[in-house]
Amino acid sequence: MKKLFLVMAVAMLTVSASAQKTAVTANKAGDNWYLGINAGAATPMQKWGDYGFMKGIAPKVGIRLGKNLTTVFGLAADVDLYVGSKTDSKSLMGSKTFVNSMNVDLLATFNLMNLFAGYKGEPRSFEIIAIAGGGWDHQFGYSKANGLNTKFGFDFTLNLGQEKAWQVYLEPAVVYGVKSWGLHNAMGIIEPVRAKMDSRNGLFQLSAGVNYKFGCSNGTHNYKIEELRDQAEIDGLNAKINELRADVNAKDGQIAANAREIADLKKKLADCEARPVQTIVEEKKENILQPMVIFRQGKSTIDAAQYASIEMVAKYMRNHKDANVIVRGFASPEGNAELNQKLSEKRAEAVKQALIKRYKISKDRISTQGLGATDKISEENDFNRVAMFIDTTTK
C-alpha cells in the first residue's frame with residue numbers, strides 16, 4: 001500500500017506542474033463524468049489448490065463510474081462480479097453460487113499519454129491509461145469471506161466518435177488480496193485474519209469495456225484548452241491600437257477643414273436662395289416657376305436634396321391640369337462650350353425623366369431645352385449649373 005500511495009503522490013505532483021502550463025475549461029463538479037460496462041475473465045496467477053495460471057478461468061462482468069479531475073488524473077468506482085466456472089465445491093472462487101465473489105474498488109486513473117506528451121485540446125484516438133487502487137471484496141456461498149484487495153492495470157483505449165464521447169478499451173489487470181476474514185484453509189477450518197498478502201489470492205484478469213463520457217459545460221464531452229494570449233501578442237495589439245490612434249489624430253485636421261468647407265457652401269447656398277431670381281429676357285413673356293435644380297460641376301445626376309424642387313413643380317402641375325412646362329438646362333461658363341451644351345441638355349432631360357418616372361407627370365406636358373453655358377443667372381458659378389422650369393400655358 002505504501003508503494004501505491006507513493007506512486008499516486010508522484011503522479012499528482014506531475015499533474016500539478018503540467019496544469020500550470022496549460023489552462024483548460026470544463027472542470028466544474030458536473031463535468032467529465034463517464035459510465036461504462038466491461039466483461040472478461042480471471043485466472044489464478046500461481047498454483048491455487050487444483051487450479052493454476054490458465055487452469056481455472058472465471059468469467060467476470062463489471063461496471064465503472066468515474067470522473068476525470070484533470071487531463072491526467074481521475075477517480076473511478078469499480079464493481080466486478082466473478083461468475084462460477086464449475087458447479088461443484090471446487091469452484092474457482094470457492095462457492096457453488098452463480099456469482100462466486102464481488103470486488104468493489106476505488107481506483108485512481110492516470111492518462112499516460114497526456115502526462116508525458118501533454119493535452120492537445122481533445123483526446124487522442126489511442127491512449128494508455130494506468131489504473132491503481134483497492135477496496136473491499138466478498139465471497140459468496142458457505143465461506144462468506146470478506147477482505148481487502150488491491151488492483152493494478154492498464155487500459156489500452158480507443159476514443160471514438162466525432163466528439164470523442166465513446167471509449168472502447170482492453171484492460172489487463174492484477175487483483176491481490178491483502179487481508180481476509182472467514183477464509184477456509186485446506187482442512188476446511190475457518191482461519192483468523194490473514195494479515196499479509198497471500199499469493200494464492202492473486203488473480204490476473206483481462207477485460208474489454210466501453211465508457212460513455214457525458215457532456216460538459218464547455219459544449220464538448222472532454223476538456224478544452226483555454227485560448228490564452230501571451231505577452232508578446234498583448235504588446236502587438238497595444239502597438240496596433242496606438243497606431244490607429246495616431247491615424248485618427250492625423251485625420252482630425254482634415255475633418256475640421258472639411259467641416260469648414262461644408263459650412264462655407266451652406267452659407268453660399270443660403271445667400272443664393274435669398275437673392276431674387278434673375279430671369280432671362282425673351283421676346284415672349286414667360287412664367288418662370290420659382291424652384292430650380294442645382295447640379296454639381298460636370299454632373300447631370302440629381303442630388304437627393306434637389307428632389308424637393310422637382311416635387312414642388314410636380315405638385316404645381318397636378319394642381320394646374322392644363323399647365324405645360326419647359327425644362328431648361330444650363331452649365332457654368334468654365335470648360336469647353338460644346339461639352340457645356342451637351343451637359344445642359346442632359347441636365348434638362350434628367351429633370352424631365354424625374355417628373356415622369358418619380359412623380360408620374362405625363363411626358364406630353366414636358367419639353368426640354370439645353371441652353372449651354374451661362375453667367376447670367378448668378379454671380380456665383382455654382383448656381384449657374386441649374387435646371388429651370390418655364391410654364392408655357394397659353395393664358
# chains A, B, ... in the order shown; residues from 1 in each chain; ligands from 1

$ residues_around --residues "region 212-224 of chain A" --least-positions-apart "4" --cutoff "8 Å" --atoms "only C-alpha atoms" --output "number ranges by chain"
A: 24-28, 30-36, 71, 121-123, 163-167

$ residues_around --residues "Val313 (chain A)" --least-positions-apart "4" --cutoff "9 Å" --atoms "only C-alpha atoms" --output "PDB file with C-alpha atoms, in the first residue's frame"
ATOM      1  CA  LEU A 289     -41.538  78.913 -61.822  1.00  0.00           C
ATOM      2  CA  GLN A 290     -39.535  79.641 -58.689  1.00  0.00           C
ATOM      3  CA  PRO A 291     -37.876  76.253 -57.908  1.00  0.00           C
ATOM      4  CA  ALA A 308     -37.603  68.880 -53.207  1.00  0.00           C
ATOM      5  CA  SER A 309     -37.626  71.474 -56.028  1.00  0.00           C
ATOM      6  CA  MET A 317     -48.638  70.634 -62.446  1.00  0.00           C
ATOM      7  CA  ARG A 318     -51.092  68.376 -60.609  1.00  0.00           C
ATOM      8  CA  LEU A 355     -41.017  64.251 -63.297  1.00  0.00           C
ATOM      9  CA  PHE A 389     -38.971  75.404 -65.098  1.00  0.00           C
TER      10      PHE A 389
END

$ atom_distance --atom1 "CA of Leu112 (chain A)" --atom2 "CA of Val72 (chain A)"
7.1 Å

$ atom_distance --atom1 "CA of Ala42 (chain A)" --atom2 "CA of Arg124 (chain A)"
29.3 Å
